[in-house]
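Enquirer: What follows is target36.tsv, made up of TSV, C-alpha atoms and all ligand atoms:
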```
chain	number	residue	atom	x	y	z
A	27	MET	CA	-0.56	6.79	-7.35
A	28	PRO	CA	-2.30	5.87	-10.60
A	29	LEU	CA	-0.69	3.13	-12.66
A	30	ILE	CA	-1.16	3.35	-16.38
A	31	ASN	CA	-3.57	0.69	-17.67
A	32	THR	CA	-1.00	-1.65	-19.15
A	33	GLN	CA	0.98	-1.64	-15.89
A	34	TYR	CA	-2.17	-2.36	-13.87
A	35	ASP	CA	-3.12	-5.14	-16.28
A	36	SER	CA	0.29	-6.77	-16.06
A	37	ILE	CA	0.10	-6.87	-12.24
A	38	MET	CA	-3.45	-8.28	-12.33
A	39	ARG	CA	-2.38	-10.88	-14.91
A	40	GLU	CA	0.31	-12.04	-12.49
A	41	TYR	CA	-2.34	-12.41	-9.74
A	42	ALA	CA	-4.57	-14.40	-12.12
A	43	ARG	CA	-1.58	-16.63	-12.94
A	44	ARG	CA	-0.87	-17.21	-9.25
A	45	GLN	CA	-4.51	-18.06	-8.53
A	46	ALA	CA	-4.64	-20.51	-11.43
A	47	ARG	CA	-1.38	-22.08	-10.24
A	48	SER	CA	-2.61	-22.51	-6.66
A	49	ARG	CA	-5.98	-23.92	-7.88
A	50	GLN	CA	-4.17	-26.46	-10.05
A	51	GLU	CA	-1.74	-27.31	-7.26
A	52	LEU	CA	-4.63	-27.85	-4.83
A	53	GLU	CA	-6.51	-30.02	-7.31
A	54	ASP	CA	-3.45	-32.22	-7.85
A	55	ARG	CA	-2.77	-32.46	-4.13
A	56	LEU	CA	-6.39	-33.33	-3.27
A	57	GLY	CA	-6.35	-36.00	-5.99
A	58	ARG	CA	-3.25	-37.58	-4.45
A	59	ILE	CA	-4.65	-37.39	-0.89
A	60	HIS	CA	-7.99	-38.96	-1.86
A	61	ARG	CA	-6.23	-41.78	-3.72
A	62	GLU	CA	-4.06	-42.41	-0.67
A	63	ILE	CA	-6.98	-42.22	1.84
A	64	PRO	CA	-10.14	-43.68	0.25
A	65	GLU	CA	-12.09	-43.26	3.54
A	66	LEU	CA	-11.72	-39.47	3.26
A	67	SER	CA	-14.30	-38.92	0.51
A	68	PRO	CA	-17.30	-40.51	2.32
A	69	LEU	CA	-16.30	-38.68	5.50
A	70	GLU	CA	-16.24	-35.35	3.64
A	71	ASP	CA	-19.68	-36.13	2.16
A	72	GLU	CA	-20.94	-36.64	5.72
A	73	ILE	CA	-19.42	-33.31	6.77
A	74	THR	CA	-21.08	-31.52	3.82
A	75	ALA	CA	-24.44	-33.14	4.63
A	76	CYS	CA	-24.08	-32.14	8.26
A	77	GLN	CA	-23.25	-28.52	7.31
A	78	ALA	CA	-26.36	-28.43	5.10
A	79	GLY	CA	-28.43	-29.83	7.96
A	80	ARG	CA	-27.09	-27.13	10.27
A	81	VAL	CA	-28.13	-24.41	7.80
A	82	ARG	CA	-31.61	-25.97	7.44
A	83	ALA	CA	-31.99	-26.10	11.23
A	84	ALA	CA	-30.92	-22.45	11.51
A	85	VAL	CA	-33.39	-21.36	8.82
A	86	SER	CA	-36.28	-23.23	10.47
A	87	GLN	CA	-35.11	-21.87	13.86
A	88	ASP	CA	-35.02	-25.40	15.29
A	89	LYS	CA	-32.54	-24.77	18.11
A	90	GLU	CA	-32.37	-28.36	19.30
A	91	GLN	CA	-31.68	-29.71	15.82
A	92	ALA	CA	-29.08	-26.94	15.21
A	93	GLU	CA	-27.19	-27.93	18.36
A	94	ALA	CA	-27.35	-31.63	17.43
A	95	MET	CA	-25.96	-30.83	13.98
A	96	GLU	CA	-23.24	-28.61	15.47
A	97	SER	CA	-22.14	-31.37	17.81
A	98	ALA	CA	-22.20	-34.03	15.03
A	99	LEU	CA	-20.16	-31.70	12.83
A	100	ARG	CA	-17.53	-31.21	15.53
A	101	ASP	CA	-17.21	-35.01	15.88
A	102	LEU	CA	-16.87	-35.50	12.13
A	103	VAL	CA	-14.26	-32.73	11.82
A	104	ARG	CA	-12.26	-34.31	14.66
A	105	LYS	CA	-12.57	-37.71	12.98
A	106	ARG	CA	-11.23	-36.21	9.74
A	107	GLU	CA	-8.35	-34.62	11.65
A	108	ARG	CA	-7.42	-37.98	13.19
A	109	LEU	CA	-7.67	-39.73	9.83
A	110	LEU	CA	-5.40	-37.14	8.18
A	111	SER	CA	-2.97	-37.20	11.08
A	112	SER	CA	-2.64	-41.01	10.83
A	113	HIS	CA	-1.29	-40.37	7.29
A	114	GLY	CA	1.06	-37.62	8.42
A	115	LEU	CA	-1.26	-34.85	7.12
A	116	SER	CA	-3.20	-31.95	8.64
A	117	PRO	CA	-6.42	-30.11	7.66
A	118	SER	CA	-4.31	-27.32	6.13
A	119	ASP	CA	-3.16	-29.86	3.51
A	120	LEU	CA	-6.69	-29.71	2.10
A	121	GLU	CA	-6.50	-25.92	1.67
A	122	PRO	CA	-4.95	-23.85	-1.14
A	123	VAL	CA	-1.48	-22.38	-0.58
A	124	TYR	CA	-1.26	-18.68	-1.47
A	125	ALA	CA	1.85	-16.64	-2.20
A	126	CYS	CA	0.14	-13.91	-0.10
A	127	PRO	CA	-2.26	-15.39	2.47
A	128	ASP	CA	-3.39	-11.86	3.45
A	129	CYS	CA	-5.22	-11.21	0.15
A	130	GLN	CA	-5.29	-14.83	-1.09
A	131	ASP	CA	-3.48	-13.65	-4.23
A	132	THR	CA	-6.22	-11.25	-5.29
A	133	GLY	CA	-4.12	-8.10	-4.66
A	134	TYR	CA	-6.90	-6.56	-2.60
A	135	ILE	CA	-8.18	-6.76	0.96
A	136	GLY	CA	-11.73	-5.46	0.62
A	137	ALA	CA	-11.45	-2.36	-1.53
A	138	LYS	CA	-7.90	-1.62	-0.33
A	139	LYS	CA	-4.73	-2.60	-2.14
A	140	CYS	CA	-2.81	-5.32	-0.31
A	141	HIS	CA	0.81	-4.72	0.73
A	142	CYS	CA	1.85	-7.23	-1.95
A	143	PHE	CA	0.13	-5.07	-4.60
A	144	ARG	CA	2.03	-1.99	-3.40
A	145	GLN	CA	5.34	-3.85	-3.64
A	146	ALA	CA	4.37	-5.17	-7.08
A	147	GLU	CA	3.78	-1.55	-8.16
A	148	ILE	CA	7.18	-0.54	-6.81
A	149	ASP	CA	8.91	-3.49	-8.47
A	150	LEU	CA	7.31	-2.55	-11.77
A	151	LEU	CA	7.89	1.20	-11.60
A	152	TYR	CA	11.49	0.90	-10.44
A	153	HIS	CA	12.36	-2.16	-12.53
A	154	GLN	CA	13.12	-4.01	-9.32
A	155	SER	CA	12.08	-7.48	-10.43
A	156	SER	CA	15.72	-8.64	-10.47
A	157	LEU	CA	16.18	-7.40	-6.89
A	158	ARG	CA	14.42	-10.47	-5.49
A	159	GLU	CA	16.90	-12.76	-7.21
A	160	VAL	CA	19.78	-10.74	-5.71
A	161	LEU	CA	18.16	-10.92	-2.27
A	162	GLU	CA	17.92	-14.70	-2.49
A	163	LYS	CA	21.75	-14.72	-2.70
A	164	GLU	CA	22.57	-11.78	-0.44
A	165	ASN	CA	20.84	-12.05	2.93
A	166	PHE	CA	21.56	-12.75	6.61
A	167	ARG	CA	21.69	-16.50	5.96
A	168	THR	CA	24.45	-16.11	3.38
A	169	PHE	CA	26.34	-13.34	5.17
A	170	SER	CA	29.90	-14.42	5.95
A	171	TYR	CA	32.48	-12.90	8.29
A	172	GLU	CA	35.32	-14.87	6.76
A	173	TRP	CA	36.35	-11.99	4.48
A	174	TYR	CA	36.96	-9.67	7.41
A	175	GLU	CA	40.27	-9.56	9.29
A	176	ASP	CA	40.24	-10.37	13.04
A	177	GLY	CA	39.58	-6.88	14.49
A	178	ASP	CA	37.30	-5.95	11.62
A	179	ARG	CA	35.26	-9.09	12.17
A	180	GLU	CA	34.23	-7.90	15.64
A	181	ILE	CA	33.20	-4.48	14.32
A	182	MET	CA	31.23	-6.19	11.58
A	183	ARG	CA	29.45	-8.44	14.08
A	184	ARG	CA	28.28	-5.32	15.89
A	185	ASN	CA	27.15	-3.74	12.61
A	186	VAL	CA	25.17	-6.87	11.72
A	187	MET	CA	23.63	-6.93	15.18
A	188	GLU	CA	22.58	-3.29	14.73
A	189	ALA	CA	21.11	-4.12	11.33
A	190	ARG	CA	19.04	-6.86	12.96
A	191	MET	CA	17.89	-4.42	15.67
A	192	PHE	CA	16.97	-1.95	12.92
A	193	ILE	CA	14.64	-4.59	11.47
A	194	GLU	CA	13.27	-5.69	14.82
A	195	ARG	CA	12.35	-2.15	15.85
A	196	PHE	CA	11.24	-1.10	12.39
A	197	ASP	CA	7.50	-0.90	13.13
A	198	ASP	CA	7.88	0.67	16.56
A	199	SER	CA	10.49	3.37	16.17
A	200	PHE	CA	11.56	5.75	13.42
A	201	GLN	CA	15.15	4.98	12.45
A	202	ASN	CA	17.54	5.73	9.59
A	203	LEU	CA	20.91	4.30	8.78
A	204	LEU	CA	23.99	5.67	7.04
A	205	LEU	CA	26.58	3.03	6.15
A	206	LEU	CA	30.01	4.38	5.30
A	207	GLY	CA	32.96	2.40	4.03
A	208	ALA	CA	35.40	1.86	1.20
A	209	VAL	CA	34.40	0.09	-1.99
A	210	GLY	CA	33.67	-3.60	-1.45
A	211	THR	CA	33.39	-3.60	2.36
A	212	GLY	CA	29.90	-5.11	2.31
A	213	LYS	CA	27.66	-2.02	2.46
A	214	THR	CA	25.42	-3.18	-0.37
A	215	PHE	CA	25.35	-6.73	1.00
A	216	LEU	CA	24.24	-5.47	4.41
A	217	SER	CA	21.61	-3.21	2.78
A	218	ASN	CA	20.34	-6.26	0.89
A	219	CYS	CA	20.08	-8.23	4.15
A	220	ILE	CA	17.86	-5.48	5.58
A	221	ALA	CA	15.83	-5.14	2.37
A	222	LYS	CA	15.10	-8.86	2.26
A	223	GLU	CA	13.94	-9.10	5.87
A	224	LEU	CA	11.64	-6.10	5.49
A	225	MET	CA	10.22	-7.21	2.14
A	226	ASP	CA	9.58	-10.66	3.62
A	227	THR	CA	7.59	-9.02	6.40
A	228	CYS	CA	5.32	-7.12	3.99
A	229	HIS	CA	7.06	-3.71	4.06
A	230	SER	CA	7.37	-1.64	0.89
A	231	VAL	CA	11.00	-1.19	-0.10
A	232	VAL	CA	12.41	0.97	-2.91
A	233	TYR	CA	16.02	0.22	-3.75
A	234	LEU	CA	17.86	2.71	-5.93
A	235	THR	CA	21.44	3.63	-6.60
A	236	ALA	CA	22.06	7.34	-6.08
A	237	PHE	CA	22.44	7.63	-9.84
A	238	GLN	CA	18.99	6.09	-10.46
A	239	LEU	CA	17.40	8.19	-7.72
A	240	PHE	CA	18.61	11.49	-9.16
A	241	GLU	CA	17.68	10.38	-12.66
A	242	LEU	CA	14.11	9.68	-11.52
A	243	LEU	CA	13.90	12.92	-9.57
A	244	SER	CA	15.09	14.88	-12.56
A	245	GLN	CA	12.55	13.11	-14.80
A	246	ALA	CA	9.85	14.11	-12.35
A	247	ALA	CA	11.10	17.68	-11.92
A	248	PHE	CA	11.63	18.38	-15.59
A	249	GLY	CA	8.71	16.28	-16.83
A	250	ARG	CA	10.87	13.92	-18.86
A	251	GLU	CA	9.73	10.34	-19.23
A	252	GLY	CA	12.18	7.54	-18.54
A	253	SER	CA	12.40	4.40	-20.60
A	254	GLY	CA	9.79	2.78	-18.36
A	255	GLY	CA	7.53	5.82	-18.57
A	256	THR	CA	7.85	6.44	-14.84
A	257	GLY	CA	8.12	10.23	-14.97
A	258	LYS	CA	6.11	11.95	-12.25
A	259	GLN	CA	4.81	8.65	-10.90
A	260	ALA	CA	8.25	8.07	-9.41
A	261	TYR	CA	7.80	10.73	-6.74
A	262	PRO	CA	5.23	9.34	-4.28
A	263	TYR	CA	6.90	6.04	-3.52
A	264	ILE	CA	10.27	7.71	-3.10
A	265	PHE	CA	8.76	9.76	-0.28
A	266	ASP	CA	6.20	7.22	0.97
A	267	CYS	CA	7.63	3.72	0.84
A	268	ASP	CA	8.39	2.10	4.21
A	269	LEU	CA	12.11	1.94	3.45
A	270	LEU	CA	14.06	3.81	0.80
A	271	ILE	CA	17.55	2.50	0.13
A	272	ILE	CA	19.95	4.86	-1.61
A	273	ASP	CA	22.99	2.86	-2.58
A	274	ASP	CA	26.39	4.29	-3.49
A	275	LEU	CA	25.74	7.93	-2.69
A	276	GLY	CA	28.60	9.96	-4.12
A	277	THR	CA	29.12	7.90	-7.27
A	278	GLU	CA	26.71	10.13	-9.23
A	279	LEU	CA	27.90	13.36	-10.78
A	280	PRO	CA	26.87	15.98	-8.21
A	281	ASN	CA	25.46	19.34	-9.26
A	282	SER	CA	23.19	21.96	-7.70
A	283	PHE	CA	20.11	19.93	-8.72
A	284	THR	CA	21.27	16.70	-7.07
A	285	VAL	CA	22.34	18.59	-3.94
A	286	SER	CA	18.94	20.28	-3.53
A	287	GLN	CA	17.02	17.12	-4.43
A	288	PHE	CA	19.01	15.06	-1.97
A	289	PHE	CA	18.11	17.51	0.81
A	290	LEU	CA	14.45	17.43	-0.26
A	291	CYS	CA	14.43	13.64	-0.22
A	292	VAL	CA	16.19	13.28	3.16
A	293	ASN	CA	14.12	16.02	4.75
A	294	GLU	CA	10.77	14.94	3.33
A	295	ARG	CA	11.22	11.37	4.55
A	296	ILE	CA	12.22	12.57	8.01
A	297	LEU	CA	9.08	14.75	8.15
A	298	ARG	CA	6.95	11.79	7.10
A	299	LYS	CA	8.78	9.51	9.54
A	300	LYS	CA	9.71	7.09	6.79
A	301	SER	CA	12.99	5.22	7.19
A	302	THR	CA	15.91	5.65	4.83
A	303	LEU	CA	19.10	3.65	4.47
A	304	ILE	CA	21.98	5.32	2.67
A	305	SER	CA	25.33	3.80	1.80
A	306	SER	CA	28.34	5.75	0.61
A	307	ASN	CA	32.03	5.38	-0.17
A	308	LEU	CA	32.59	8.97	0.93
A	309	ASP	CA	33.45	9.98	4.50
A	310	MET	CA	31.48	12.54	6.50
A	311	GLU	CA	33.76	15.40	5.50
A	312	ALA	CA	33.41	14.64	1.79
A	313	LEU	CA	29.63	14.21	2.14
A	314	ARG	CA	29.44	17.62	3.85
A	315	ASN	CA	31.45	19.23	1.06
A	316	VAL	CA	29.29	17.73	-1.67
A	317	TYR	CA	25.77	17.78	-0.16
A	318	SER	CA	25.86	20.90	2.04
A	319	GLU	CA	25.92	21.53	5.75
A	320	ARG	CA	22.13	21.61	6.17
A	321	THR	CA	21.67	18.12	4.67
A	322	LEU	CA	24.45	16.69	6.81
A	323	SER	CA	23.05	18.23	9.96
A	324	ARG	CA	19.66	16.54	9.23
A	325	ILE	CA	21.49	13.24	8.74
A	326	ILE	CA	23.59	13.61	11.88
A	327	SER	CA	20.52	14.36	14.00
A	328	CYS	CA	18.25	11.62	12.61
A	329	TYR	CA	20.51	8.80	11.36
A	330	THR	CA	22.59	6.10	13.00
A	331	ILE	CA	25.96	6.32	11.27
A	332	ARG	CA	28.15	3.24	10.97
A	333	GLN	CA	31.57	2.78	9.45
A	334	LEU	CA	32.17	-0.58	7.78
A	335	PRO	CA	35.67	-1.89	8.32
A	336	GLY	CA	38.15	-3.49	5.97
A	337	SER	CA	39.28	-3.16	2.40
A	338	ASP	CA	37.74	-4.46	-0.80
A	339	ILE	CA	36.25	-7.91	-0.09
A	340	ARG	CA	35.59	-8.49	-3.77
A	341	ILE	CA	39.29	-8.20	-4.55
A	342	ARG	CA	40.14	-10.61	-1.72
A	343	LYS	CA	37.50	-13.08	-2.87
A	344	LYS	CA	38.97	-12.91	-6.36
A	345	LEU	CA	42.54	-13.35	-5.16
A	346	ASN	CA	41.44	-16.30	-3.05
A	347	ALA	CA	39.61	-17.91	-5.97
A	348	ASN	CA	42.67	-17.46	-8.20
A	349	SER	CA	44.97	-19.08	-5.64
A	350	LEU	CA	42.78	-22.19	-5.36
B	1	ZN	ZN	-1.44	-9.67	-0.74
```
Can you give me the file's structure in the form of structure tokens?
Ligand SMILES: [Zn+2]
Expert:
Amino acid sequence: MPLINTQYDSIMREYARRQARSRQELEDRLGRIHREIPELSPLEDEITACQAGRVRAAVSQDKEQAEAMESALRDLVRKRERLLSSHGLSPSDLEPVYACPDCQDTGYIGAKKCHCFRQAEIDLLYHQSSLREVLEKENFRTFSYEWYEDGDREIMRRNVMEARMFIERFDDSFQNLLLLGAVGTGKTFLSNCIAKELMDTCHSVVYLTAFQLFELLSQAAFGREGSGGTGKQAYPYIFDCDLLIIDDLGTELPNSFTVSQFFLCVNERILRKKSTLISSNLDMEALRNVYSERTLSRIISCYTIRQLPGSDIRIRKKLNANSL
């Protein structure tokens, strides 16, 4: 999917910023380490000299000298390891730290875009940059059962366990999830938990409310440009990303366009074996009435459907806060 130039430039600028940051951070760290361990510098000079000697021996095809250099180098490297370890450090402390070790913050692995570049494209095209902040607050570590009543708590534990299985099996089996439940029962929170885990493990995730999804699809279908100029570009990732999350299905104003587009989206992703997670306040009967029998039969045959228990957690949280 071609990015327009300014979008491409803004992603590449971010990579350049990250590289500059990690270079600076490494320089500062090395400065501190060398001040703390003065013996390190002469030892590193010896290692460099030994490496040069090894290259010279290889060029002149002096096998004996090459082996001697190799052995001396191994000893020096071990000596450096011991020296670092006696100061509570390891060889990796002398290396740069990258936000993405796979592409070393260049965005590319060879000529191919890295997974982090693909997600950066998605974040830009779908204005998802704030999603990461949300995911820092709403994830499995911060998930709490305390807002669920006794019986509901058990059901919720099972739902969370299934969500974890969904993530665990993500790369090996094709799965989809439909989360049903009243407003404020934790559907979005649970979707966020899944989104975070998958994004953290280098999967591309598009997160849209049903309203946003249909808006983008209509821009693409009718050739209108959105405020971000996404237009037709919106289509490929909606069908191709590793996980598409459609939040709050049923809150948009349904019409024949949204009904047909929803079928297209569900069906296309099933055909491409790309996972989808849908959450909705509607029950199955209402979904069938709004989105047609054929869409629901695709969902029933290819999705795991889970009902979230309880009533509005947000109201209970608020009541609780007020009574404190
Ligand atoms: Zn990368």
Enquirer: I want to know what sits within 8 Å of Pro122 in chain A, based on all atoms listed in the file, with residues of the same chain fewer than 2 positions away left out; could you give that as a compact mmCIF listing (two decimals) with C-alpha atoms, in the coordinates of the input?
Expert:
```txt
# COMPACT_ATOMS: atom_id res chain seq x y z
CA SER A 48 -2.61 -22.51 -6.66
CA ARG A 49 -5.98 -23.92 -7.88
CA GLU A 51 -1.74 -27.31 -7.26
CA LEU A 52 -4.63 -27.85 -4.83
CA ASP A 119 -3.16 -29.86 3.51
CA LEU A 120 -6.69 -29.71 2.10
CA TYR A 124 -1.26 -18.68 -1.47
```
Enquirer: At a cut-off of 9 Å and counting only C-alpha atoms and all ligand atoms, what residues surround ligand ZN 1 (chain B)? Please answer as a list in words.
Expert: Ala125, Cys126, Pro127, Asp128, Cys129, Gln130, Asp131, Thr132, Gly133, Tyr134, Ile135, Lys139, Cys140, His141, Cys142, Phe143, Arg144 and Cys228 of chain A
Enquirer: Keeping only C-alpha atoms, write the selected residues as a CSV table (one decimal), in the frame of the given file.
Expert:
```csv
chain,number,residue,atom,x,y,z
A,125,ALA,CA,1.8,-16.6,-2.2
A,126,CYS,CA,0.1,-13.9,-0.1
A,127,PRO,CA,-2.3,-15.4,2.5
A,128,ASP,CA,-3.4,-11.9,3.4
A,129,CYS,CA,-5.2,-11.2,0.2
A,130,GLN,CA,-5.3,-14.8,-1.1
A,131,ASP,CA,-3.5,-13.6,-4.2
A,132,THR,CA,-6.2,-11.2,-5.3
A,133,GLY,CA,-4.1,-8.1,-4.7
A,134,TYR,CA,-6.9,-6.6,-2.6
A,135,ILE,CA,-8.2,-6.8,1.0
A,139,LYS,CA,-4.7,-2.6,-2.1
A,140,CYS,CA,-2.8,-5.3,-0.3
A,141,HIS,CA,0.8,-4.7,0.7
A,142,CYS,CA,1.8,-7.2,-2.0
A,143,PHE,CA,0.1,-5.1,-4.6
A,144,ARG,CA,2.0,-2.0,-3.4
A,228,CYS,CA,5.3,-7.1,4.0
```
Enquirer: List the spatial neighbours of Ala189 in chain A as a ChimeraX atom specification - criterion: any atom at most 10 Å away, all atoms listed in the file, same-chain residues fewer than 6 positions off excluded.
Expert: /A:166,183,203,216-217,219-220
Enquirer: Could you save the residues just selected, with C-alpha atoms, as a PDB file, keeping the file's coordinate frame?
Expert:
```
ATOM      1  CA  PHE A 166      21.560 -12.750   6.610  1.00  0.00           C
ATOM      2  CA  ARG A 183      29.450  -8.440  14.080  1.00  0.00           C
ATOM      3  CA  LEU A 203      20.910   4.300   8.780  1.00  0.00           C
ATOM      4  CA  LEU A 216      24.240  -5.470   4.410  1.00  0.00           C
ATOM      5  CA  SER A 217      21.610  -3.210   2.780  1.00  0.00           C
ATOM      6  CA  CYS A 219      20.080  -8.230   4.150  1.00  0.00           C
ATOM      7  CA  ILE A 220      17.860  -5.480   5.580  1.00  0.00           C
TER       8      ILE A 220
END
```
Enquirer: Give me, as JSON, numbers by chain, all polymer residues having an atom no more than 10 Å from Phe237 in chain A, counting only C-alpha atoms and skipping those fewer than 4 positions away in the same chain.
Expert: {"A": [241, 242, 272, 273, 274, 275, 276, 277, 278, 279, 280, 284]}
Enquirer: Can you tell me how far CA of Phe192 in chain A sits from CA of Gln287 in chain A, in Å to one decimal?
Expert: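 Straight-line distance from CA of Phe192 in chain A to CA of Gln287 in chain A works out to 25.8 Å.
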Enquirer: Looking at all atoms listed in the file, which of A:Leu157, A:Leu66, A:Leu224, A:Val231 is the one that sits closest to Lys105 in chain A?
Expert: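 Using all atoms listed in the file, the shortest distance to Lys105 in chain A belongs to A:Leu66.
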Enquirer: Give as a PDB file with C-alpha atoms, in the coordinates of the input each residue that has an atom at most 12 Å from (17.1, -4.1, 3.5) in the file, counting all atoms listed in the file.
Expert:
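Printed below is point09.pdb as written:
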```pdb
ATOM      1  CA  LEU A 157      16.180  -7.400  -6.890  1.00  0.00           C
ATOM      2  CA  ARG A 158      14.420 -10.470  -5.490  1.00  0.00           C
ATOM      3  CA  VAL A 160      19.780 -10.740  -5.710  1.00  0.00           C
ATOM      4  CA  LEU A 161      18.160 -10.920  -2.270  1.00  0.00           C
ATOM      5  CA  GLU A 164      22.570 -11.780  -0.440  1.00  0.00           C
ATOM      6  CA  ASN A 165      20.840 -12.050   2.930  1.00  0.00           C
ATOM      7  CA  PHE A 166      21.560 -12.750   6.610  1.00  0.00           C
ATOM      8  CA  VAL A 186      25.170  -6.870  11.720  1.00  0.00           C
ATOM      9  CA  ALA A 189      21.110  -4.120  11.330  1.00  0.00           C
ATOM     10  CA  ARG A 190      19.040  -6.860  12.960  1.00  0.00           C
ATOM     11  CA  PHE A 192      16.970  -1.950  12.920  1.00  0.00           C
ATOM     12  CA  ILE A 193      14.640  -4.590  11.470  1.00  0.00           C
ATOM     13  CA  PHE A 196      11.240  -1.100  12.390  1.00  0.00           C
ATOM     14  CA  ASN A 202      17.540   5.730   9.590  1.00  0.00           C
ATOM     15  CA  LEU A 203      20.910   4.300   8.780  1.00  0.00           C
ATOM     16  CA  LYS A 213      27.660  -2.020   2.460  1.00  0.00           C
ATOM     17  CA  THR A 214      25.420  -3.180  -0.370  1.00  0.00           C
ATOM     18  CA  PHE A 215      25.350  -6.730   1.000  1.00  0.00           C
ATOM     19  CA  LEU A 216      24.240  -5.470   4.410  1.00  0.00           C
ATOM     20  CA  SER A 217      21.610  -3.210   2.780  1.00  0.00           C
ATOM     21  CA  ASN A 218      20.340  -6.260   0.890  1.00  0.00           C
ATOM     22  CA  CYS A 219      20.080  -8.230   4.150  1.00  0.00           C
ATOM     23  CA  ILE A 220      17.860  -5.480   5.580  1.00  0.00           C
ATOM     24  CA  ALA A 221      15.830  -5.140   2.370  1.00  0.00           C
ATOM     25  CA  LYS A 222      15.100  -8.860   2.260  1.00  0.00           C
ATOM     26  CA  GLU A 223      13.940  -9.100   5.870  1.00  0.00           C
ATOM     27  CA  LEU A 224      11.640  -6.100   5.490  1.00  0.00           C
ATOM     28  CA  MET A 225      10.220  -7.210   2.140  1.00  0.00           C
ATOM     29  CA  ASP A 226       9.580 -10.660   3.620  1.00  0.00           C
ATOM     30  CA  THR A 227       7.590  -9.020   6.400  1.00  0.00           C
ATOM     31  CA  HIS A 229       7.060  -3.710   4.060  1.00  0.00           C
ATOM     32  CA  SER A 230       7.370  -1.640   0.890  1.00  0.00           C
ATOM     33  CA  VAL A 231      11.000  -1.190  -0.100  1.00  0.00           C
ATOM     34  CA  VAL A 232      12.410   0.970  -2.910  1.00  0.00           C
ATOM     35  CA  TYR A 233      16.020   0.220  -3.750  1.00  0.00           C
ATOM     36  CA  LEU A 234      17.860   2.710  -5.930  1.00  0.00           C
ATOM     37  CA  ASP A 268       8.390   2.100   4.210  1.00  0.00           C
ATOM     38  CA  LEU A 269      12.110   1.940   3.450  1.00  0.00           C
ATOM     39  CA  LEU A 270      14.060   3.810   0.800  1.00  0.00           C
ATOM     40  CA  ILE A 271      17.550   2.500   0.130  1.00  0.00           C
ATOM     41  CA  ILE A 272      19.950   4.860  -1.610  1.00  0.00           C
ATOM     42  CA  ASP A 273      22.990   2.860  -2.580  1.00  0.00           C
ATOM     43  CA  SER A 301      12.990   5.220   7.190  1.00  0.00           C
ATOM     44  CA  THR A 302      15.910   5.650   4.830  1.00  0.00           C
ATOM     45  CA  LEU A 303      19.100   3.650   4.470  1.00  0.00           C
ATOM     46  CA  ILE A 304      21.980   5.320   2.670  1.00  0.00           C
ATOM     47  CA  SER A 305      25.330   3.800   1.800  1.00  0.00           C
TER      48      SER A 305
END
```
Enquirer: Can you pull out the residues contacting Leu29 in chain A? Cut-off 9 Å, using only C-alpha atoms, and skip same-chain residues under 4 positions away; I want them as a VMD selection string.
Expert: chain A and resid 33 to 34 147 151 259
Enquirer: Rounded to one decimal, what separation in Å do you get between CA of Ala137 in chain A and CA of Tyr152 in chain A?
Expert: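 Between these atoms lies a distance of 24.8 Å.
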Enquirer: Put a box with edges along x, y and z around all the listed atoms of range 72-83 of chain A, pad it by 3 Å on each side, then give me its centre and sizes in Å, one decimal, as AutoDock Vina command-line options.
Expert:
```
--center_x -25.7 --center_y -30.5 --center_z 7.5 --size_x 18.6 --size_y 18.2 --size_z 13.4
```
Enquirer: CA of Cys76 in chain A and CA of Glu107 in chain A, how far apart in Å?
Expert: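 Separation between CA of Glu107 in chain A and CA of Cys76 in chain A: 16.3 Å.
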Enquirer: Using only C-alpha atoms for the distances, tell me which of A:Leu69, A:Val123, A:Leu297, A:Ala78 is nearest to Arg104 in chain A.
Expert: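 For Arg104 in chain A, the nearest of the candidates is A:Leu69.
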Enquirer: My list of candidates is A:Ile59, A:Ser199, A:Gln154, A:Leu205. Which is closest to Gln238 in chain A when distances are computed with all atoms listed in the file?
Expert: A:Gln154
Enquirer: Determine the nearest neighbour of Pro335 in chain A from the options A:Glu175, A:Glu96, A:Glu90, A:Glu311, counting all atoms listed in the file.
Expert: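 Under the stated criterion, the closest residue is A:Glu175.
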